[in-house]
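Asker: Sharing target_26.pdb (PDB, C-alpha atoms, pLDDT in the B column) below.
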ATOM      1  CA  MET C   1      30.893 -33.909  -0.426  1.00 45.00           C
ATOM      2  CA  LYS C   2      31.040 -30.274   0.613  1.00 54.00           C
ATOM      3  CA  LEU C   3      27.663 -30.288   2.303  1.00 48.00           C
ATOM      4  CA  ALA C   4      28.250 -33.615   3.965  1.00 49.00           C
ATOM      5  CA  ILE C   5      31.497 -32.388   5.510  1.00 49.00           C
ATOM      6  CA  LEU C   6      30.068 -28.968   6.335  1.00 44.00           C
ATOM      7  CA  SER C   7      27.296 -30.628   8.243  1.00 46.00           C
ATOM      8  CA  LEU C   8      29.804 -32.174  10.648  1.00 43.00           C
ATOM      9  CA  LEU C   9      30.181 -28.691  12.099  1.00 40.00           C
ATOM     10  CA  ALA C  10      26.487 -28.457  12.884  1.00 39.00           C
ATOM     11  CA  GLY C  11      25.649 -31.467  14.996  1.00 37.00           C
ATOM     12  CA  SER C  12      26.722 -34.405  17.072  1.00 33.00           C
ATOM     13  CA  ALA C  13      27.345 -37.812  15.568  1.00 34.00           C
ATOM     14  CA  ALA C  14      25.239 -39.424  18.251  1.00 33.00           C
ATOM     15  CA  ALA C  15      22.108 -37.814  16.885  1.00 34.00           C
ATOM     16  CA  PHE C  16      21.867 -40.108  13.918  1.00 34.00           C
ATOM     17  CA  ASN C  17      23.799 -43.282  14.686  1.00 36.00           C
ATOM     18  CA  ALA C  18      21.923 -46.533  14.817  1.00 37.00           C
ATOM     19  CA  PRO C  19      20.894 -47.724  18.259  1.00 35.00           C
ATOM     20  CA  THR C  20      23.510 -50.290  19.226  1.00 37.00           C
ATOM     21  CA  THR C  21      24.080 -52.329  22.321  1.00 36.00           C
ATOM     22  CA  SER C  22      27.125 -52.382  24.550  1.00 37.00           C
ATOM     23  CA  LEU C  23      29.592 -55.262  24.559  1.00 35.00           C
ATOM     24  CA  SER C  24      27.932 -56.679  27.642  1.00 36.00           C
ATOM     25  CA  THR C  25      24.519 -56.913  26.001  1.00 38.00           C
ATOM     26  CA  SER C  26      23.075 -60.378  25.789  1.00 37.00           C
ATOM     27  CA  ALA C  27      23.200 -62.268  22.500  1.00 39.00           C
ATOM     28  CA  SER C  28      19.415 -62.423  22.298  1.00 41.00           C
ATOM     29  CA  ALA C  29      19.093 -58.640  22.565  1.00 40.00           C
ATOM     30  CA  ILE C  30      21.726 -58.117  19.889  1.00 39.00           C
ATOM     31  CA  GLN C  31      19.892 -60.480  17.569  1.00 41.00           C
ATOM     32  CA  LYS C  32      16.620 -58.609  18.021  1.00 42.00           C
ATOM     33  CA  THR C  33      18.102 -55.226  17.251  1.00 40.00           C
ATOM     34  CA  SER C  34      20.477 -56.199  14.435  1.00 46.00           C
ATOM     35  CA  LEU C  35      19.859 -55.747  10.747  1.00 45.00           C
ATOM     36  CA  SER C  36      19.269 -58.992   8.899  1.00 45.00           C
ATOM     37  CA  GLU C  37      21.683 -60.217   6.266  1.00 73.00           C
ATOM     38  CA  SER C  38      19.563 -62.552   4.168  1.00 86.00           C
ATOM     39  CA  LYS C  39      17.262 -61.623   1.302  1.00 90.00           C
ATOM     40  CA  ALA C  40      14.235 -63.124   3.041  1.00 91.00           C
ATOM     41  CA  ASP C  41      14.862 -61.022   6.134  1.00 87.00           C
ATOM     42  CA  LEU C  42      15.366 -57.931   3.987  1.00 91.00           C
ATOM     43  CA  GLU C  43      11.929 -58.487   2.472  1.00 93.00           C
ATOM     44  CA  VAL C  44      10.414 -58.571   5.957  1.00 92.00           C
ATOM     45  CA  LEU C  45      12.371 -55.475   6.968  1.00 92.00           C
ATOM     46  CA  ALA C  46      11.222 -53.636   3.846  1.00 94.00           C
ATOM     47  CA  LYS C  47       7.593 -54.135   4.792  1.00 94.00           C
ATOM     48  CA  LYS C  48       8.238 -52.689   8.228  1.00 94.00           C
ATOM     49  CA  LEU C  49      10.010 -49.682   6.719  1.00 95.00           C
ATOM     50  CA  ASN C  50       7.402 -48.959   4.057  1.00 94.00           C
ATOM     51  CA  PRO C  51       4.280 -51.154   3.931  1.00 95.00           C
ATOM     52  CA  VAL C  52       3.126 -49.438   0.718  1.00 95.00           C
ATOM     53  CA  ILE C  53       6.223 -49.996  -1.425  1.00 93.00           C
ATOM     54  CA  GLY C  54       7.615 -53.022   0.381  1.00 94.00           C
ATOM     55  CA  TYR C  55      10.680 -54.771  -0.985  1.00 94.00           C
ATOM     56  CA  TYR C  56      12.177 -52.896  -3.947  1.00 93.00           C
ATOM     57  CA  ASP C  57      15.421 -54.022  -5.545  1.00 94.00           C
ATOM     58  CA  PRO C  58      15.258 -53.421  -9.323  1.00 95.00           C
ATOM     59  CA  LEU C  59      19.014 -53.974  -9.749  1.00 94.00           C
ATOM     60  CA  ARG C  60      18.832 -57.236  -7.775  1.00 94.00           C
ATOM     61  CA  LEU C  61      21.756 -56.231  -5.613  1.00 93.00           C
ATOM     62  CA  ALA C  62      20.555 -58.524  -2.837  1.00 93.00           C
ATOM     63  CA  ASP C  63      21.223 -61.486  -5.144  1.00 94.00           C
ATOM     64  CA  ALA C  64      24.776 -60.436  -5.961  1.00 94.00           C
ATOM     65  CA  GLU C  65      28.109 -61.612  -4.604  1.00 93.00           C
ATOM     66  CA  PHE C  66      30.501 -58.670  -4.664  1.00 94.00           C
ATOM     67  CA  TRP C  67      34.268 -59.303  -5.009  1.00 93.00           C
ATOM     68  CA  GLY C  68      33.804 -63.048  -4.808  1.00 91.00           C
ATOM     69  CA  GLN C  69      32.292 -62.791  -1.334  1.00 91.00           C
ATOM     70  CA  SER C  70      29.197 -64.659  -0.185  1.00 92.00           C
ATOM     71  CA  ASN C  71      25.699 -63.326  -0.682  1.00 92.00           C
ATOM     72  CA  GLU C  72      25.376 -62.739   3.060  1.00 92.00           C
ATOM     73  CA  ALA C  73      28.579 -60.662   3.086  1.00 92.00           C
ATOM     74  CA  THR C  74      27.357 -58.691   0.086  1.00 94.00           C
ATOM     75  CA  ILE C  75      24.049 -57.905   1.774  1.00 94.00           C
ATOM     76  CA  GLY C  76      25.965 -56.819   4.872  1.00 93.00           C
ATOM     77  CA  PHE C  77      27.994 -54.447   2.710  1.00 94.00           C
ATOM     78  CA  ILE C  78      24.896 -53.022   1.005  1.00 94.00           C
ATOM     79  CA  ARG C  79      23.046 -52.518   4.282  1.00 93.00           C
ATOM     80  CA  HIS C  80      26.050 -50.846   5.903  1.00 93.00           C
ATOM     81  CA  ALA C  81      26.521 -48.589   2.866  1.00 94.00           C
ATOM     82  CA  GLU C  82      22.879 -47.477   2.984  1.00 94.00           C
ATOM     83  CA  ILE C  83      23.008 -46.699   6.695  1.00 94.00           C
ATOM     84  CA  LYS C  84      26.287 -44.787   6.340  1.00 93.00           C
ATOM     85  CA  HIS C  85      24.985 -42.770   3.375  1.00 95.00           C
ATOM     86  CA  GLY C  86      21.781 -42.067   5.284  1.00 96.00           C
ATOM     87  CA  ARG C  87      23.703 -40.757   8.284  1.00 94.00           C
ATOM     88  CA  ILE C  88      25.898 -38.498   6.180  1.00 94.00           C
ATOM     89  CA  ALA C  89      22.805 -37.251   4.351  1.00 97.00           C
ATOM     90  CA  MET C  90      21.143 -36.401   7.673  1.00 97.00           C
ATOM     91  CA  PHE C  91      24.275 -34.528   8.728  1.00 94.00           C
ATOM     92  CA  ALA C  92      24.305 -32.739   5.381  1.00 95.00           C
ATOM     93  CA  PHE C  93      20.626 -31.805   5.521  1.00 97.00           C
ATOM     94  CA  VAL C  94      20.901 -30.373   9.033  1.00 96.00           C
ATOM     95  CA  GLY C  95      24.155 -28.624   8.134  1.00 94.00           C
ATOM     96  CA  TYR C  96      22.616 -27.101   5.037  1.00 96.00           C
ATOM     97  CA  ILE C  97      19.645 -25.751   6.998  1.00 96.00           C
ATOM     98  CA  ALA C  98      21.933 -24.379   9.734  1.00 95.00           C
ATOM     99  CA  VAL C  99      24.239 -22.549   7.341  1.00 94.00           C
ATOM    100  CA  ALA C 100      21.399 -21.236   5.176  1.00 94.00           C
ATOM    101  CA  ASN C 101      19.743 -19.769   8.266  1.00 94.00           C
ATOM    102  CA  SER C 102      22.916 -18.071   9.558  1.00 92.00           C
ATOM    103  CA  PHE C 103      23.434 -20.415  12.478  1.00 93.00           C
ATOM    104  CA  ARG C 104      26.970 -19.918  13.801  1.00 89.00           C
ATOM    105  CA  PHE C 105      28.803 -20.988  16.917  1.00 89.00           C
ATOM    106  CA  PRO C 106      29.784 -18.028  19.154  1.00 88.00           C
ATOM    107  CA  TRP C 107      33.436 -19.044  19.562  1.00 90.00           C
ATOM    108  CA  PRO C 108      36.236 -18.443  17.007  1.00 88.00           C
ATOM    109  CA  MET C 109      36.522 -20.905  14.157  1.00 85.00           C
ATOM    110  CA  GLN C 110      40.297 -20.598  13.720  1.00 82.00           C
ATOM    111  CA  MET C 111      43.336 -20.153  15.914  1.00 82.00           C
ATOM    112  CA  ASP C 112      43.870 -16.573  14.733  1.00 84.00           C
ATOM    113  CA  GLY C 113      40.526 -15.622  16.271  1.00 85.00           C
ATOM    114  CA  SER C 114      38.566 -15.548  13.026  1.00 84.00           C
ATOM    115  CA  GLY C 115      34.894 -16.241  13.587  1.00 84.00           C
ATOM    116  CA  PHE C 116      32.595 -18.515  11.657  1.00 87.00           C
ATOM    117  CA  LEU C 117      31.702 -17.432   8.140  1.00 85.00           C
ATOM    118  CA  THR C 118      28.680 -15.251   7.472  1.00 89.00           C
ATOM    119  CA  GLU C 119      28.052 -16.818   4.053  1.00 91.00           C
ATOM    120  CA  THR C 120      24.542 -18.330   3.859  1.00 93.00           C
ATOM    121  CA  ASN C 121      25.008 -20.245   0.604  1.00 95.00           C
ATOM    122  CA  PRO C 122      26.178 -23.633   1.981  1.00 95.00           C
ATOM    123  CA  PRO C 123      28.464 -24.731  -0.906  1.00 94.00           C
ATOM    124  CA  ALA C 124      29.957 -21.238  -1.102  1.00 94.00           C
ATOM    125  CA  ALA C 125      30.482 -21.283   2.673  1.00 93.00           C
ATOM    126  CA  TRP C 126      32.501 -24.479   2.325  1.00 92.00           C
ATOM    127  CA  ASP C 127      34.585 -22.892  -0.437  1.00 92.00           C
ATOM    128  CA  ALA C 128      35.454 -20.070   1.972  1.00 90.00           C
ATOM    129  CA  VAL C 129      36.773 -22.410   4.679  1.00 89.00           C
ATOM    130  CA  THR C 130      40.593 -22.438   4.770  1.00 88.00           C
ATOM    131  CA  ASP C 131      42.460 -25.498   3.543  1.00 89.00           C
ATOM    132  CA  ASP C 132      44.066 -25.971   6.974  1.00 87.00           C
ATOM    133  CA  ALA C 133      40.622 -26.298   8.530  1.00 88.00           C
ATOM    134  CA  LYS C 134      39.491 -28.662   5.782  1.00 91.00           C
ATOM    135  CA  TRP C 135      42.496 -30.929   6.318  1.00 92.00           C
ATOM    136  CA  GLN C 136      41.622 -31.179  10.013  1.00 92.00           C
ATOM    137  CA  ILE C 137      38.070 -32.190   9.120  1.00 92.00           C
ATOM    138  CA  PHE C 138      39.287 -34.746   6.582  1.00 94.00           C
ATOM    139  CA  SER C 139      41.752 -36.179   9.110  1.00 95.00           C
ATOM    140  CA  LEU C 140      38.964 -36.740  11.622  1.00 92.00           C
ATOM    141  CA  ILE C 141      36.777 -38.357   8.969  1.00 93.00           C
ATOM    142  CA  ALA C 142      39.661 -40.626   7.902  1.00 94.00           C
ATOM    143  CA  PHE C 143      40.201 -41.772  11.494  1.00 91.00           C
ATOM    144  CA  LEU C 144      36.492 -42.500  11.998  1.00 90.00           C
ATOM    145  CA  GLU C 145      36.378 -44.395   8.705  1.00 91.00           C
ATOM    146  CA  VAL C 146      39.349 -46.583   9.625  1.00 90.00           C
ATOM    147  CA  TRP C 147      38.020 -47.200  13.126  1.00 87.00           C
ATOM    148  CA  SER C 148      34.570 -48.143  11.810  1.00 88.00           C
ATOM    149  CA  GLU C 149      36.124 -50.859   9.605  1.00 89.00           C
ATOM    150  CA  LEU C 150      37.923 -52.590  12.474  1.00 82.00           C
ATOM    151  CA  SER C 151      37.030 -56.145  13.353  1.00 73.00           C
ATOM    152  CA  THR C 152      37.760 -56.951  16.985  1.00 71.00           C
ATOM    153  CA  PRO C 153      36.601 -59.633  19.431  1.00 72.00           C
ATOM    154  CA  GLY C 154      33.940 -57.181  20.591  1.00 74.00           C
ATOM    155  CA  ASN C 155      32.916 -55.969  17.149  1.00 80.00           C
ATOM    156  CA  LYS C 156      32.656 -58.217  14.114  1.00 86.00           C
ATOM    157  CA  HIS C 157      32.959 -56.671  10.661  1.00 89.00           C
ATOM    158  CA  TYR C 158      29.608 -56.132   8.949  1.00 90.00           C
ATOM    159  CA  MET C 159      30.658 -58.502   6.132  1.00 90.00           C
ATOM    160  CA  ARG C 160      31.706 -61.183   8.611  1.00 88.00           C
ATOM    161  CA  GLY C 161      28.588 -61.590  10.701  1.00 86.00           C
ATOM    162  CA  GLY C 162      28.638 -58.205  12.419  1.00 87.00           C
ATOM    163  CA  ARG C 163      25.789 -55.718  12.551  1.00 86.00           C
ATOM    164  CA  PRO C 164      25.591 -53.332   9.578  1.00 89.00           C
ATOM    165  CA  GLY C 165      25.637 -49.759  10.817  1.00 87.00           C
ATOM    166  CA  ASP C 166      27.298 -50.586  14.117  1.00 86.00           C
ATOM    167  CA  PHE C 167      30.157 -48.282  15.121  1.00 86.00           C
ATOM    168  CA  PRO C 168      32.769 -49.808  17.458  1.00 85.00           C
ATOM    169  CA  ASP C 169      33.216 -48.331  20.898  1.00 84.00           C
ATOM    170  CA  PHE C 170      36.417 -46.389  21.541  1.00 83.00           C
ATOM    171  CA  THR C 171      38.151 -49.081  23.552  1.00 78.00           C
ATOM    172  CA  SER C 172      41.699 -48.704  24.849  1.00 76.00           C
ATOM    173  CA  GLY C 173      44.388 -51.284  25.408  1.00 74.00           C
ATOM    174  CA  PRO C 174      46.297 -53.773  23.212  1.00 73.00           C
ATOM    175  CA  GLU C 175      43.382 -54.139  20.766  1.00 70.00           C
ATOM    176  CA  GLY C 176      42.210 -50.535  20.898  1.00 73.00           C
ATOM    177  CA  LEU C 177      43.417 -46.980  21.230  1.00 78.00           C
ATOM    178  CA  PRO C 178      46.688 -46.270  23.080  1.00 79.00           C
ATOM    179  CA  HIS C 179      44.865 -44.065  25.592  1.00 79.00           C
ATOM    180  CA  PRO C 180      41.386 -43.978  27.188  1.00 82.00           C
ATOM    181  CA  VAL C 181      38.601 -42.026  25.482  1.00 82.00           C
ATOM    182  CA  PRO C 182      35.905 -40.749  27.866  1.00 83.00           C
ATOM    183  CA  PHE C 183      33.018 -40.832  25.387  1.00 83.00           C
ATOM    184  CA  ASN C 184      31.973 -43.169  22.592  1.00 83.00           C
ATOM    185  CA  PHE C 185      30.867 -42.021  19.159  1.00 79.00           C
ATOM    186  CA  TYR C 186      27.382 -43.440  19.657  1.00 79.00           C
ATOM    187  CA  ASP C 187      25.444 -42.628  22.805  1.00 80.00           C
ATOM    188  CA  PRO C 188      28.369 -41.003  24.680  1.00 82.00           C
ATOM    189  CA  PHE C 189      26.298 -40.580  27.845  1.00 83.00           C
ATOM    190  CA  ARG C 190      24.817 -44.102  27.749  1.00 80.00           C
ATOM    191  CA  LEU C 191      21.258 -42.805  27.642  1.00 81.00           C
ATOM    192  CA  SER C 192      19.989 -45.840  25.729  1.00 81.00           C
ATOM    193  CA  LYS C 193      21.152 -48.484  28.195  1.00 79.00           C
ATOM    194  CA  ASN C 194      17.681 -48.788  29.718  1.00 84.00           C
ATOM    195  CA  MET C 195      15.824 -48.956  26.415  1.00 87.00           C
ATOM    196  CA  THR C 196      13.830 -52.082  25.637  1.00 89.00           C
ATOM    197  CA  ASP C 197      14.577 -54.276  22.633  1.00 84.00           C
ATOM    198  CA  GLU C 198      11.344 -53.080  21.016  1.00 89.00           C
ATOM    199  CA  GLN C 199      12.417 -49.445  21.372  1.00 90.00           C
ATOM    200  CA  LYS C 200      15.804 -50.171  19.840  1.00 84.00           C
ATOM    201  CA  GLU C 201      14.243 -52.002  16.916  1.00 87.00           C
ATOM    202  CA  LYS C 202      11.861 -49.095  16.311  1.00 91.00           C
ATOM    203  CA  ARG C 203      14.735 -46.617  16.372  1.00 91.00           C
ATOM    204  CA  LEU C 204      16.551 -48.677  13.750  1.00 88.00           C
ATOM    205  CA  LEU C 205      13.571 -48.425  11.425  1.00 94.00           C
ATOM    206  CA  VAL C 206      13.214 -44.697  12.089  1.00 96.00           C
ATOM    207  CA  GLU C 207      16.890 -44.103  11.341  1.00 95.00           C
ATOM    208  CA  ILE C 208      16.764 -45.920   8.006  1.00 95.00           C
ATOM    209  CA  ASN C 209      13.645 -44.067   6.877  1.00 97.00           C
ATOM    210  CA  ASN C 210      15.044 -40.710   8.013  1.00 97.00           C
ATOM    211  CA  GLY C 211      18.286 -41.447   6.189  1.00 97.00           C
ATOM    212  CA  ARG C 212      16.473 -42.256   2.957  1.00 96.00           C
ATOM    213  CA  LEU C 213      14.439 -39.074   3.182  1.00 97.00           C
ATOM    214  CA  ALA C 214      17.556 -37.017   3.957  1.00 97.00           C
ATOM    215  CA  MET C 215      19.338 -38.423   0.893  1.00 97.00           C
ATOM    216  CA  LEU C 216      16.468 -37.228  -1.292  1.00 96.00           C
ATOM    217  CA  GLY C 217      16.385 -33.894   0.525  1.00 96.00           C
ATOM    218  CA  ILE C 218      20.057 -32.981   0.232  1.00 97.00           C
ATOM    219  CA  ILE C 219      20.330 -34.052  -3.409  1.00 96.00           C
ATOM    220  CA  GLY C 220      17.253 -31.912  -4.086  1.00 96.00           C
ATOM    221  CA  PHE C 221      18.917 -28.867  -2.518  1.00 97.00           C
ATOM    222  CA  VAL C 222      22.145 -29.346  -4.474  1.00 95.00           C
ATOM    223  CA  SER C 223      20.363 -30.111  -7.752  1.00 96.00           C
ATOM    224  CA  GLU C 224      18.305 -26.942  -7.560  1.00 97.00           C
ATOM    225  CA  GLN C 225      21.373 -24.857  -6.746  1.00 96.00           C
ATOM    226  CA  VAL C 226      23.429 -26.195  -9.646  1.00 96.00           C
ATOM    227  CA  VAL C 227      20.566 -26.477 -12.144  1.00 95.00           C
ATOM    228  CA  PRO C 228      17.969 -23.811 -11.238  1.00 95.00           C
ATOM    229  CA  GLY C 229      14.453 -24.998 -11.966  1.00 94.00           C
ATOM    230  CA  SER C 230      15.329 -28.692 -11.757  1.00 96.00           C
ATOM    231  CA  VAL C 231      13.397 -29.052  -8.478  1.00 95.00           C
ATOM    232  CA  PRO C 232      10.224 -26.942  -8.883  1.00 93.00           C
ATOM    233  CA  GLY C 233       9.382 -26.969  -5.190  1.00 92.00           C
ATOM    234  CA  LEU C 234      12.726 -25.356  -4.372  1.00 94.00           C
ATOM    235  CA  THR C 235      12.844 -22.812  -7.178  1.00 92.00           C
ATOM    236  CA  GLY C 236      13.501 -19.417  -5.633  1.00 91.00           C
ATOM    237  CA  VAL C 237      13.983 -20.980  -2.201  1.00 93.00           C
ATOM    238  CA  VAL C 238      17.665 -21.931  -2.429  1.00 94.00           C
ATOM    239  CA  PRO C 239      20.301 -19.700  -4.072  1.00 94.00           C
ATOM    240  CA  ALA C 240      22.118 -20.682  -7.265  1.00 95.00           C
ATOM    241  CA  TYR C 241      25.698 -21.958  -7.074  1.00 95.00           C
ATOM    242  CA  ASP C 242      28.102 -21.939 -10.018  1.00 93.00           C
ATOM    243  CA  GLY C 243      30.997 -23.782  -8.375  1.00 90.00           C
ATOM    244  CA  ASP C 244      31.842 -27.474  -8.277  1.00 89.00           C
ATOM    245  CA  VAL C 245      29.791 -29.142  -5.542  1.00 89.00           C
ATOM    246  CA  MET C 246      31.982 -32.262  -5.706  1.00 88.00           C
ATOM    247  CA  ALA C 247      35.322 -30.467  -5.251  1.00 87.00           C
ATOM    248  CA  PRO C 248      36.596 -30.759  -1.650  1.00 89.00           C
ATOM    249  CA  PHE C 249      39.135 -27.949  -2.194  1.00 88.00           C
ATOM    250  CA  THR C 250      39.008 -24.807  -4.270  1.00 81.00           C
ATOM    251  CA  THR C 251      42.598 -25.600  -5.309  1.00 79.00           C
ATOM    252  CA  ASN C 252      42.992 -28.705  -7.472  1.00 78.00           C
ATOM    253  CA  TYR C 253      45.910 -30.267  -5.611  1.00 78.00           C
ATOM    254  CA  LEU C 254      45.768 -33.530  -7.523  1.00 76.00           C
ATOM    255  CA  GLY C 255      45.689 -31.751 -10.881  1.00 71.00           C
ATOM    256  CA  ALA C 256      48.515 -29.417  -9.844  1.00 71.00           C
ATOM    257  CA  ALA C 257      50.750 -32.432  -9.302  1.00 70.00           C
ATOM    258  CA  PHE C 258      50.317 -33.255 -12.989  1.00 76.00           C
ATOM    259  CA  GLY C 259      50.715 -29.692 -14.193  1.00 68.00           C
ATOM    260  CA  GLN C 260      47.000 -28.951 -14.597  1.00 65.00           C
TER     261      GLN C 260
END
Could you express the structure from this file as structure tokens?

Answerer:
Amino acid sequence: MKLAILSLLAGSAAAFNAPTTSLSTSASAIQKTSLSESKADLEVLAKKLNPVIGYYDPLRLADAEFWGQSNEATIGFIRHAEIKHGRIAMFAFVGYIAVANSFRFPWPMQMDGSGFLTETNPPAAWDAVTDDAKWQIFSLIAFLEVWSELSTPGNKHYMRGGRPGDFPDFTSGPEGLPHPVPFNFYDPFRLSKNMTDEQKEKRLLVEINNGRLAMLGIIGFVSEQVVPGSVPGLTGVVPAYDGDVMAPFTTNYLGAAFGQ
């Protein structure tokens, strides 16, 4: 969690979001660039993503029906979860590399004029961030999470026929935000509006593969830091860390409420 949140400070969300189409895009274009929600289509997609391994589902999740929902809704949930985890992992990987190599923004990090931390051990750097700053980051993440789950006339939920991985535009009005937002989360400058359907489909495949690789990469970094020697290729490359990589705060606020 620490590295995933830390990485939000290092890059733009548009860098890793799936290529989506605007609300005015034709239905045929949306169909061509959407992720499929049937097992048969997933098998075809798997071959495009990795022709060597192909379709791999040892837990048979694609046959399940979570929470009494249909199989199609369950597959939509699984696909959306993979894309979201892949995006966060890409953020985390880039953030880890940036912090470890002393990349810092030139402006102050806090209102009192304090600059960005000089710590180059990424989990330790997160520990050194003030709780006020962390709450601001968590608040932004909470808003984005709620907004991404909205189902509107222009954006169907991914378990109700929508496109897994799609992030709704920041629309304003009765069914949107109370005020206009100049830029959207994905493609804020509309650079992809002239892309062909083939280009968008290729970018979808690239994003999924990059996300899978990033998930392996960031868990490798953290594993080696917590258990030195567990990832031979990283031994001596990343510093050890003796804290709790899953603790969002150095203070256990939840435990304190129960006298712990």

Asker: In Å, rounded to a single decimal, give me how far CA of Ala214 in chain C is from CA of Glu82 in chain C.

Answerer: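 Taking CA of Glu82 in chain C and CA of Ala214 in chain C, their separation equals 11.8 Å.
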
Asker: Set the distance at 9 Å and use all atoms listed in the file: which residues neighbour range 176-182 of chain C once local chain neighbours fewer than 6 positions away are removed? I'd like the list as a VMD selection string.

Answerer: chain C and resid 152 170 188

Asker: Distance CA of Thr251 in chain C-CA of Val238 in chain C, one decimal place?

Answerer: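 Atom-to-atom, CA of Thr251 in chain C to CA of Val238 in chain C, that is 25.4 Å.
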
Asker: Apply the PyMOL selection byres ((chain C and resi 185) around 8) to the displayed file and report the matching residues as a ChimeraX atom specification.

Answerer: /C:13-14,167,169-170,183-184,186-188

Asker: Using only C-alpha atoms, please write the residues we just selected to a file, as an mmCIF file, keeping the file's coordinate frame.

Answerer:
data_model
loop_
_atom_site.group_PDB
_atom_site.id
_atom_site.type_symbol
_atom_site.label_atom_id
_atom_site.label_comp_id
_atom_site.auth_asym_id
_atom_site.auth_seq_id
_atom_site.Cartn_x
_atom_site.Cartn_y
_atom_site.Cartn_z
ATOM 1 C CA ALA C 13 27.345 -37.812 15.568
ATOM 2 C CA ALA C 14 25.239 -39.424 18.251
ATOM 3 C CA PHE C 167 30.157 -48.282 15.121
ATOM 4 C CA ASP C 169 33.216 -48.331 20.898
ATOM 5 C CA PHE C 170 36.417 -46.389 21.541
ATOM 6 C CA PHE C 183 33.018 -40.832 25.387
ATOM 7 C CA ASN C 184 31.973 -43.169 22.592
ATOM 8 C CA TYR C 186 27.382 -43.440 19.657
ATOM 9 C CA ASP C 187 25.444 -42.628 22.805
ATOM 10 C CA PRO C 188 28.369 -41.003 24.680
#

Asker: Restricting the calculation to all atoms listed in the file: of C:Gly255, C:Pro122, C:Gly154, C:Pro232, which residue gets closest to Val94 in chain C?

Answerer: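 Among C:Gly255, C:Pro122, C:Gly154, C:Pro232, it is C:Pro122 that comes nearest to Val94 in chain C.
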
Asker: What is the CA of Met111 in chain C to CA of Gly243 in chain C distance in Å?

Answerer: 27.5 Å

Asker: Which polymer residues have any atom within 12 Å of an atom of Gln225 in chain C, counting all atoms listed in the file, with same-chain residues fewer than 3 positions away left out, as a list in words?

Answerer: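 What passes the distance filter is Asn121, Pro122, Pro123, Ala124, Ile218, Ile219, Gly220, Phe221, Val222, Pro228, Gly229, Ser230, Val231, Pro232, Leu234, Thr235, Gly236, Val237, Val238, Pro239, Ala240, Tyr241, Asp242, Gly243, Asp244 and Val245 of chain C.
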
Asker: Evaluate the PyMOL selection byres ((chain C and resi 165) around 6) on the structure here and hand back the selected residues as a count of residues only.

Answerer: 4

Asker: Do a neighbour search on Asp131 in chain C at 12 Å with all atoms listed in the file, toss out local chain neighbours closer than 4 positions, and write the hits as a PyMOL selection string.

Answerer: chain C and resi 110+126-127+135-138+248-253

Asker: For Glu119 in chain C, which residue among C:Met246, C:Phe143, C:Ser38, C:Tyr96 is the nearest when counting all atoms listed in the file?

Answerer: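 Of the candidates, the smallest distance to Glu119 in chain C is held by C:Tyr96.
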
Asker: Please provide as a PyMOL selection string all residues within 10 Å of Gly217 in chain C, with the sequence filter that same-chain residues fewer than 5 positions apart are discarded (counting all atoms listed in the file).

Answerer: chain C and resi 89-90+92-93+211-212+222-223

Asker: Measuring between only C-alpha atoms, which one of C:Gly86, C:Phe77, C:Asp112, C:Pro168 shows the shortest distance to Lys156 in chain C?

Answerer: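 Nearest candidate to Lys156 in chain C out of C:Gly86, C:Phe77, C:Asp112, C:Pro168: C:Pro168.
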
Asker: Could you tell me which residues the PyMOL selection byres ((chain C and resi 118) around 9) grabs in this file, written as a PyMOL selection string?

Answerer: chain C and resi 99+102-104+115-117+119-120+125

Asker: Let me make sure I understand: among C:Leu150, C:Leu204, C:Leu49, C:Ala62, which one has the smallest atom-to-atom distance to Gly162 in chain C if we use all atoms listed in the file?

Answerer: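 Using all atoms listed in the file, Gly162 in chain C sits closest to C:Leu150.
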
Asker: For Asp41 in chain C, list every protein, DNA or RNA residue within 12 Å, evaluated using all atoms listed in the file, and leave out those in the same chain fewer than 3 positions away; present the list as a PDB file with C-alpha atoms, in the frame of the given file.

Answerer:
ATOM      1  CA  SER C  34      20.477 -56.199  14.435  1.00 46.00           C
ATOM      2  CA  LEU C  35      19.859 -55.747  10.747  1.00 45.00           C
ATOM      3  CA  SER C  36      19.269 -58.992   8.899  1.00 45.00           C
ATOM      4  CA  GLU C  37      21.683 -60.217   6.266  1.00 73.00           C
ATOM      5  CA  SER C  38      19.563 -62.552   4.168  1.00 86.00           C
ATOM      6  CA  VAL C  44      10.414 -58.571   5.957  1.00 92.00           C
ATOM      7  CA  LEU C  45      12.371 -55.475   6.968  1.00 92.00           C
ATOM      8  CA  ALA C  46      11.222 -53.636   3.846  1.00 94.00           C
ATOM      9  CA  LYS C  47       7.593 -54.135   4.792  1.00 94.00           C
ATOM     10  CA  LYS C  48       8.238 -52.689   8.228  1.00 94.00           C
ATOM     11  CA  TYR C  55      10.680 -54.771  -0.985  1.00 94.00           C
ATOM     12  CA  ALA C  62      20.555 -58.524  -2.837  1.00 93.00           C
ATOM     13  CA  GLU C  72      25.376 -62.739   3.060  1.00 92.00           C
ATOM     14  CA  ILE C  75      24.049 -57.905   1.774  1.00 94.00           C
ATOM     15  CA  GLY C  76      25.965 -56.819   4.872  1.00 93.00           C
ATOM     16  CA  ARG C  79      23.046 -52.518   4.282  1.00 93.00           C
TER      17      ARG C  79
END

Asker: I'd like to know which of C:Arg60, C:Lys134, C:Lys39, C:Lys84 is closest to Met215 in chain C, using all atoms listed in the file.

Answerer: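 Ranked by minimum distance to Met215 in chain C, first place goes to C:Lys84.
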
Asker: With distances taken over only C-alpha atoms, which residue among C:Asn101, C:Thr171, C:Ile78, C:Thr196 lies nearest Ala64 in chain C?

Answerer: C:Ile78
